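Worksheet: the structure to be examined is printed underneath.
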Amino acid sequence: MVLDPGKLAAHVPSNGAMAHRNPLSQGKVTIAVDEYSSNPTQAFTHYNINESRFQPPNVHMVEPIPYDAPKPAGHTRFVCVSDTHSRTDGIQMPYGDILLHTGDFTELGLPSEVKKFNDWLGSLPYEFKVVIAGNHELTFDKDFMAELVKQDYYRFPSVSKLRPEDFDDVRSLLSNCTYLQDSEVTVKGFRIYGAPWTPWFNGWGFNLPRGQSLLDKWNRVPEGIDVLMTHGPPLGFRDWVPKELQRVGCVELLNTVQQRVRPKLHAFGGIHEGYGIMTDGCTTFINSSTCTASFQPTNPPIVFDLPNP
Ligand SMILES: Nc1nc2c(ncn2[C@@H]2O[C@H](COP(=O)(O)O)[C@@H](O)[C@H]2O)c(=O)[nH]1
Ligand SMILES: [Mn+2]
Ligand SMILES: [Mn+2]
């Protein structure tokens with residue numbers, strides 16, 4: 001899809017207490033921990049009632065473009081997938097230029113799974129493929145693995161059985177893509193930044209407490225990037241978990257995206273139930289979780305066109 005930002009009201013929330021320009025840092029916006037950080041459902045309600053922050057005209061749902069829609073001249077087509085969880089066999093992949101996979105490509109990050117995923121990547125025709133980890137890629141999280149081997153009971157027996165030499169260099173198994181972890185790559189002129197962190201939930205990989213710990217990671221995202229890849233959603237954008245009647249997106253990620261970084265595209269997954277697309281007029285938010293809540297790989301990849309830089 002091609003969006004004309006001029007047709008949508010760009011929304012910069014008025015909650016000035018959480019973002020301010022630092023006079024010592026040449027106009028750079030500084031994000032502070034949000035007062036509702038620890039309770040995203042309450043944060044959503046508060047900002048929606050007081051600022052209509054998550055409803056029209058500040059936010060709109062976006063229909064995905066059909067795969068056979070011609071790509072406009074001077075555009076690059078992104079193909080977004082996420083949360084494939086080692087279930088790639090039946091996925092019909094559409095035409096595009098750059099593949100983005102926003103994590104949970106395995107169940108447990110086992111080297112055998114990573115190899116299978118890498119083989120699948122190798123079979124795809126895209127010119128560029130960019131991948132981040134999710135909370136299921138346990139072996140990619142060095143701190144998680146260091147803690148796991150200290151435990152005298154094993155929550156993840158098949159992972160605990162691995163020898164360090166089996167997973168020390170697990171990233172090198174991803175030879176058919178660019179893997180990002182708190183890092184960026186420029187592809188076809190687009191600056192793409194990727195980070196795997198999600199709010200703590202059941203003690204998986206790359207989990208961090210809400211608040212300053214996650215904000216420290218988001219503070220590493222540079223201004224001026226075109227595409228942000230995270231595993232999980234920001235607050236209010238495709239982050240609803242119906243079975244718990246909860247919003248679970250990260251408030252600090254939202255404030256970072258809307259008030260400081262303002263990328264053209266924010267691609268993520270993480271909350272399988274949130275599959276779909278929204279825009280705030282500046283950033284298009286795509287949750288491309290392939291797997292459903294019951295881990296069926298039935299949600300199709302989402303394509304998105306951006307004008308070339
Ligand atoms: N209440 C919350 N539910 C969550 C959160 N993160 C994930 N989930 C639920 O689990 C599934 C699958 O996630 P996965 O990482 O195991 O693949 C997801 O679709 C949600 O239903 C959370 O932070 N809070
Ligand atoms: Mn998942
Ligand atoms: Mn996940």
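Ordering of the structure tokens sets the chain letters (A, B, ...); residue numbers start at 1 within each chain; ligands are numbered from 1 in the order shown.
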
Shell of 6 Å around region 52-62 of chain A, only C-alpha atoms, local chain residues under 2 positions omitted, as a PyMOL selection string = chain A and resi 11+47-49+277-280

If you run DSSP on the backbone here, which positions in region 106-298 of chain A get strand (DSSP E or B)? Please write them as a PDB file with N, CA, C and O atoms, in the first residue's frame.
ATOM      1  N   PHE A 128      16.710  -8.904  -0.630  1.00  0.00           N
ATOM      2  CA  PHE A 128      17.254  -8.728   0.726  1.00  0.00           C
ATOM      3  C   PHE A 128      16.289  -9.342   1.727  1.00  0.00           C
ATOM      4  O   PHE A 128      15.071  -9.259   1.552  1.00  0.00           O
ATOM      5  N   LYS A 129      16.872  -9.907   2.784  1.00  0.00           N
ATOM      6  CA  LYS A 129      16.069 -10.523   3.842  1.00  0.00           C
ATOM      7  C   LYS A 129      16.646 -10.059   5.176  1.00  0.00           C
ATOM      8  O   LYS A 129      17.858 -10.216   5.412  1.00  0.00           O
ATOM      9  N   VAL A 130      15.804  -9.475   6.009  1.00  0.00           N
ATOM     10  CA  VAL A 130      16.262  -8.935   7.288  1.00  0.00           C
ATOM     11  C   VAL A 130      15.450  -9.603   8.397  1.00  0.00           C
ATOM     12  O   VAL A 130      14.209  -9.665   8.320  1.00  0.00           O
ATOM     13  N   VAL A 131      16.148 -10.068   9.431  1.00  0.00           N
ATOM     14  CA  VAL A 131      15.516 -10.898  10.465  1.00  0.00           C
ATOM     15  C   VAL A 131      15.946 -10.408  11.844  1.00  0.00           C
ATOM     16  O   VAL A 131      17.106 -10.028  12.039  1.00  0.00           O
ATOM     17  N   ILE A 132      14.997 -10.408  12.788  1.00  0.00           N
ATOM     18  CA  ILE A 132      15.357 -10.231  14.201  1.00  0.00           C
ATOM     19  C   ILE A 132      14.871 -11.457  14.975  1.00  0.00           C
ATOM     20  O   ILE A 132      14.083 -12.260  14.454  1.00  0.00           O
ATOM     21  N   THR A 178      20.230 -10.875   6.724  1.00  0.00           N
ATOM     22  CA  THR A 178      20.911  -9.975   7.656  1.00  0.00           C
ATOM     23  C   THR A 178      20.182 -10.069   8.984  1.00  0.00           C
ATOM     24  O   THR A 178      18.962  -9.842   9.038  1.00  0.00           O
ATOM     25  N   TYR A 179      20.904 -10.439  10.033  1.00  0.00           N
ATOM     26  CA  TYR A 179      20.305 -10.542  11.366  1.00  0.00           C
ATOM     27  C   TYR A 179      20.618  -9.271  12.145  1.00  0.00           C
ATOM     28  O   TYR A 179      21.788  -8.871  12.242  1.00  0.00           O
ATOM     29  N   SER A 183      20.756  -3.189  16.253  1.00  0.00           N
ATOM     30  CA  SER A 183      21.666  -2.749  15.191  1.00  0.00           C
ATOM     31  C   SER A 183      20.857  -2.368  13.956  1.00  0.00           C
ATOM     32  O   SER A 183      19.647  -2.600  13.892  1.00  0.00           O
ATOM     33  N   GLU A 184      21.557  -1.775  12.980  1.00  0.00           N
ATOM     34  CA  GLU A 184      20.847  -1.311  11.790  1.00  0.00           C
ATOM     35  C   GLU A 184      21.585  -1.694  10.528  1.00  0.00           C
ATOM     36  O   GLU A 184      22.784  -1.982  10.543  1.00  0.00           O
ATOM     37  N   VAL A 185      20.848  -1.714   9.442  1.00  0.00           N
ATOM     38  CA  VAL A 185      21.429  -1.974   8.132  1.00  0.00           C
ATOM     39  C   VAL A 185      20.748  -1.025   7.142  1.00  0.00           C
ATOM     40  O   VAL A 185      19.586  -0.649   7.338  1.00  0.00           O
ATOM     41  N   THR A 186      21.476  -0.613   6.125  1.00  0.00           N
ATOM     42  CA  THR A 186      20.861   0.174   5.056  1.00  0.00           C
ATOM     43  C   THR A 186      20.704  -0.722   3.837  1.00  0.00           C
ATOM     44  O   THR A 186      21.676  -1.338   3.379  1.00  0.00           O
ATOM     45  N   VAL A 187      19.475  -0.837   3.370  1.00  0.00           N
ATOM     46  CA  VAL A 187      19.150  -1.702   2.242  1.00  0.00           C
ATOM     47  C   VAL A 187      18.373  -0.887   1.220  1.00  0.00           C
ATOM     48  O   VAL A 187      17.333  -0.294   1.556  1.00  0.00           O
ATOM     49  N   PHE A 190      17.156   2.341   2.351  1.00  0.00           N
ATOM     50  CA  PHE A 190      16.321   2.390   3.564  1.00  0.00           C
ATOM     51  C   PHE A 190      17.164   2.030   4.779  1.00  0.00           C
ATOM     52  O   PHE A 190      17.843   0.992   4.789  1.00  0.00           O
ATOM     53  N   ARG A 191      17.085   2.878   5.801  1.00  0.00           N
ATOM     54  CA  ARG A 191      17.733   2.550   7.077  1.00  0.00           C
ATOM     55  C   ARG A 191      16.765   1.710   7.912  1.00  0.00           C
ATOM     56  O   ARG A 191      15.677   2.163   8.268  1.00  0.00           O
ATOM     57  N   ILE A 192      17.186   0.477   8.206  1.00  0.00           N
ATOM     58  CA  ILE A 192      16.331  -0.472   8.940  1.00  0.00           C
ATOM     59  C   ILE A 192      17.023  -0.809  10.254  1.00  0.00           C
ATOM     60  O   ILE A 192      18.199  -1.191  10.263  1.00  0.00           O
ATOM     61  N   TYR A 193      16.286  -0.661  11.370  1.00  0.00           N
ATOM     62  CA  TYR A 193      16.837  -0.959  12.696  1.00  0.00           C
ATOM     63  C   TYR A 193      16.010  -2.084  13.317  1.00  0.00           C
ATOM     64  O   TYR A 193      14.771  -2.093  13.204  1.00  0.00           O
ATOM     65  N   GLY A 194      16.677  -3.016  13.974  1.00  0.00           N
ATOM     66  CA  GLY A 194      15.961  -4.139  14.582  1.00  0.00           C
ATOM     67  C   GLY A 194      16.372  -4.417  16.013  1.00  0.00           C
ATOM     68  O   GLY A 194      17.547  -4.308  16.365  1.00  0.00           O
ATOM     69  N   ALA A 195      15.373  -4.790  16.843  1.00  0.00           N
ATOM     70  CA  ALA A 195      15.634  -5.114  18.256  1.00  0.00           C
ATOM     71  C   ALA A 195      14.618  -6.156  18.738  1.00  0.00           C
ATOM     72  O   ALA A 195      13.437  -6.056  18.408  1.00  0.00           O
ATOM     73  N   THR A 198      11.090  -7.644  24.455  1.00  0.00           N
ATOM     74  CA  THR A 198       9.658  -7.515  24.755  1.00  0.00           C
ATOM     75  C   THR A 198       9.460  -7.450  26.265  1.00  0.00           C
ATOM     76  O   THR A 198      10.315  -7.918  27.041  1.00  0.00           O
ATOM     77  N   PRO A 199       8.325  -6.874  26.695  1.00  0.00           N
ATOM     78  CA  PRO A 199       8.047  -6.820  28.130  1.00  0.00           C
ATOM     79  C   PRO A 199       8.023  -8.220  28.737  1.00  0.00           C
ATOM     80  O   PRO A 199       7.528  -9.165  28.111  1.00  0.00           O
ATOM     81  N   ASN A 207      13.349 -11.010  27.352  1.00  0.00           N
ATOM     82  CA  ASN A 207      12.329 -10.362  28.177  1.00  0.00           C
ATOM     83  C   ASN A 207      12.979  -9.354  29.100  1.00  0.00           C
ATOM     84  O   ASN A 207      14.022  -9.643  29.708  1.00  0.00           O
ATOM     85  N   LEU A 208      12.373  -8.189  29.223  1.00  0.00           N
ATOM     86  CA  LEU A 208      12.863  -7.169  30.157  1.00  0.00           C
ATOM     87  C   LEU A 208      11.668  -6.562  30.886  1.00  0.00           C
ATOM     88  O   LEU A 208      10.563  -6.500  30.321  1.00  0.00           O
ATOM     89  N   VAL A 227      12.680   2.261   8.782  1.00  0.00           N
ATOM     90  CA  VAL A 227      11.921   1.062   9.174  1.00  0.00           C
ATOM     91  C   VAL A 227      12.425   0.588  10.529  1.00  0.00           C
ATOM     92  O   VAL A 227      13.636   0.419  10.728  1.00  0.00           O
ATOM     93  N   LEU A 228      11.490   0.393  11.453  1.00  0.00           N
ATOM     94  CA  LEU A 228      11.822  -0.177  12.759  1.00  0.00           C
ATOM     95  C   LEU A 228      11.235  -1.581  12.831  1.00  0.00           C
ATOM     96  O   LEU A 228      10.048  -1.779  12.522  1.00  0.00           O
ATOM     97  N   MET A 229      12.069  -2.535  13.222  1.00  0.00           N
ATOM     98  CA  MET A 229      11.607  -3.913  13.437  1.00  0.00           C
ATOM     99  C   MET A 229      11.745  -4.237  14.918  1.00  0.00           C
ATOM    100  O   MET A 229      12.850  -4.152  15.465  1.00  0.00           O
ATOM    101  N   THR A 230      10.631  -4.572  15.572  1.00  0.00           N
ATOM    102  CA  THR A 230      10.697  -5.083  16.939  1.00  0.00           C
ATOM    103  C   THR A 230       9.893  -6.376  16.976  1.00  0.00           C
ATOM    104  O   THR A 230       9.064  -6.630  16.086  1.00  0.00           O
ATOM    105  N   PRO A 234       3.988  -1.824  19.979  1.00  0.00           N
ATOM    106  CA  PRO A 234       3.871  -0.722  20.919  1.00  0.00           C
ATOM    107  C   PRO A 234       2.455  -0.716  21.491  1.00  0.00           C
ATOM    108  O   PRO A 234       1.552  -1.342  20.920  1.00  0.00           O
ATOM    109  N   TRP A 240      -3.798  -6.171  21.312  1.00  0.00           N
ATOM    110  CA  TRP A 240      -4.906  -6.611  22.162  1.00  0.00           C
ATOM    111  C   TRP A 240      -4.882  -8.130  22.302  1.00  0.00           C
ATOM    112  O   TRP A 240      -4.809  -8.842  21.293  1.00  0.00           O
ATOM    113  N   VAL A 241      -4.948  -8.602  23.561  1.00  0.00           N
ATOM    114  CA  VAL A 241      -5.028 -10.052  23.824  1.00  0.00           C
ATOM    115  C   VAL A 241      -6.446 -10.348  24.303  1.00  0.00           C
ATOM    116  O   VAL A 241      -6.773 -10.130  25.478  1.00  0.00           O
ATOM    117  N   GLN A 246      -6.765  -7.646  27.619  1.00  0.00           N
ATOM    118  CA  GLN A 246      -5.645  -6.775  27.982  1.00  0.00           C
ATOM    119  C   GLN A 246      -4.950  -6.191  26.759  1.00  0.00           C
ATOM    120  O   GLN A 246      -4.805  -6.865  25.735  1.00  0.00           O
ATOM    121  N   ARG A 247      -4.498  -4.974  26.918  1.00  0.00           N
ATOM    122  CA  ARG A 247      -3.497  -4.383  26.035  1.00  0.00           C
ATOM    123  C   ARG A 247      -2.140  -4.753  26.605  1.00  0.00           C
ATOM    124  O   ARG A 247      -1.914  -4.593  27.813  1.00  0.00           O
ATOM    125  N   CYS A 250       4.103  -2.178  24.536  1.00  0.00           N
ATOM    126  CA  CYS A 250       5.054  -1.447  25.377  1.00  0.00           C
ATOM    127  C   CYS A 250       4.807   0.066  25.257  1.00  0.00           C
ATOM    128  O   CYS A 250       4.857   0.622  24.158  1.00  0.00           O
ATOM    129  N   LEU A 265       7.733   2.978   8.716  1.00  0.00           N
ATOM    130  CA  LEU A 265       7.140   1.659   8.938  1.00  0.00           C
ATOM    131  C   LEU A 265       7.648   1.084  10.256  1.00  0.00           C
ATOM    132  O   LEU A 265       8.854   1.127  10.526  1.00  0.00           O
ATOM    133  N   HIS A 266       6.729   0.593  11.082  1.00  0.00           N
ATOM    134  CA  HIS A 266       7.092  -0.179  12.275  1.00  0.00           C
ATOM    135  C   HIS A 266       6.525  -1.578  12.096  1.00  0.00           C
ATOM    136  O   HIS A 266       5.304  -1.768  12.107  1.00  0.00           O
ATOM    137  N   ALA A 267       7.428  -2.535  11.880  1.00  0.00           N
ATOM    138  CA  ALA A 267       7.026  -3.935  11.659  1.00  0.00           C
ATOM    139  C   ALA A 267       7.281  -4.727  12.927  1.00  0.00           C
ATOM    140  O   ALA A 267       8.331  -4.593  13.552  1.00  0.00           O
ATOM    141  N   PHE A 268       6.311  -5.556  13.295  1.00  0.00           N
ATOM    142  CA  PHE A 268       6.441  -6.381  14.498  1.00  0.00           C
ATOM    143  C   PHE A 268       5.479  -7.553  14.409  1.00  0.00           C
ATOM    144  O   PHE A 268       4.773  -7.734  13.401  1.00  0.00           O
ATOM    145  N   GLY A 276      -2.484  -7.550  11.678  1.00  0.00           N
ATOM    146  CA  GLY A 276      -3.199  -6.501  10.949  1.00  0.00           C
ATOM    147  C   GLY A 276      -2.366  -5.226  10.865  1.00  0.00           C
ATOM    148  O   GLY A 276      -1.215  -5.187  11.300  1.00  0.00           O
ATOM    149  N   ILE A 277      -3.002  -4.181  10.283  1.00  0.00           N
ATOM    150  CA  ILE A 277      -2.272  -2.952   9.958  1.00  0.00           C
ATOM    151  C   ILE A 277      -3.026  -1.736  10.491  1.00  0.00           C
ATOM    152  O   ILE A 277      -4.257  -1.664  10.385  1.00  0.00           O
ATOM    153  N   MET A 278      -2.282  -0.773  11.034  1.00  0.00           N
ATOM    154  CA  MET A 278      -2.845   0.516  11.443  1.00  0.00           C
ATOM    155  C   MET A 278      -1.860   1.617  11.076  1.00  0.00           C
ATOM    156  O   MET A 278      -0.683   1.356  10.826  1.00  0.00           O
ATOM    157  N   THR A 279      -2.361   2.850  11.068  1.00  0.00           N
ATOM    158  CA  THR A 279      -1.458   3.984  10.856  1.00  0.00           C
ATOM    159  C   THR A 279      -1.838   5.126  11.792  1.00  0.00           C
ATOM    160  O   THR A 279      -3.019   5.263  12.163  1.00  0.00           O
ATOM    161  N   THR A 284       3.268   3.619   9.692  1.00  0.00           N
ATOM    162  CA  THR A 284       2.368   2.481   9.495  1.00  0.00           C
ATOM    163  C   THR A 284       2.855   1.340  10.379  1.00  0.00           C
ATOM    164  O   THR A 284       4.045   1.003  10.372  1.00  0.00           O
ATOM    165  N   PHE A 285       1.932   0.790  11.147  1.00  0.00           N
ATOM    166  CA  PHE A 285       2.238  -0.268  12.111  1.00  0.00           C
ATOM    167  C   PHE A 285       1.706  -1.587  11.553  1.00  0.00           C
ATOM    168  O   PHE A 285       0.502  -1.730  11.327  1.00  0.00           O
ATOM    169  N   ILE A 286       2.604  -2.544  11.345  1.00  0.00           N
ATOM    170  CA  ILE A 286       2.196  -3.836  10.777  1.00  0.00           C
ATOM    171  C   ILE A 286       2.539  -4.963  11.744  1.00  0.00           C
ATOM    172  O   ILE A 286       3.708  -5.196  12.058  1.00  0.00           O
ATOM    173  N   ASN A 287       1.488  -5.632  12.228  1.00  0.00           N
ATOM    174  CA  ASN A 287       1.668  -6.884  12.976  1.00  0.00           C
ATOM    175  C   ASN A 287       1.418  -8.013  11.989  1.00  0.00           C
ATOM    176  O   ASN A 287       0.289  -8.231  11.561  1.00  0.00           O
ATOM    177  N   SER A 289       2.080 -11.344  12.355  1.00  0.00           N
ATOM    178  CA  SER A 289       2.167 -12.692  12.950  1.00  0.00           C
ATOM    179  C   SER A 289       1.538 -13.731  12.022  1.00  0.00           C
ATOM    180  O   SER A 289       0.329 -13.696  11.754  1.00  0.00           O
TER     181      SER A 289
END

message = as a VMD selection string, please: every residue in region 22-186 of chain A that DSSP puts in alpha helix (DSSP H).
response = chain A and resid 40 to 51 111 to 122 142 to 148 157 to 160 164 to 167

query = Do you know which residues are within 7 Å of ligand 3 using only C-alpha atoms and all ligand atoms? Can you write them as a PyMOL selection string?
reply = chain A and resi 83+104+134-136+231+270-271

Atomic separation - CA of Gly122 (chain A) relative to CA of Tyr95 (chain A), Å =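 Between these atoms lies a distance of 15.3 Å.
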
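Taking CA of Gly224 (chain A) as the reference point, CA of Arg262 (chain A) is found at 8.0 Å.
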
message = Just checking: using only C-alpha atoms, which residue out of A:Glu137, A:Asp166, A:Glu63, A:Asp143 ends up closest to Thr106 (chain A)?
response =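 The answer is A:Glu137, which sits nearest to Thr106 (chain A).
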
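Closest approach to Arg155 (chain A) among A:Asn202, A:Ser82, A:Gln181, A:Thr298: A:Asn202, based on only C-alpha atoms.
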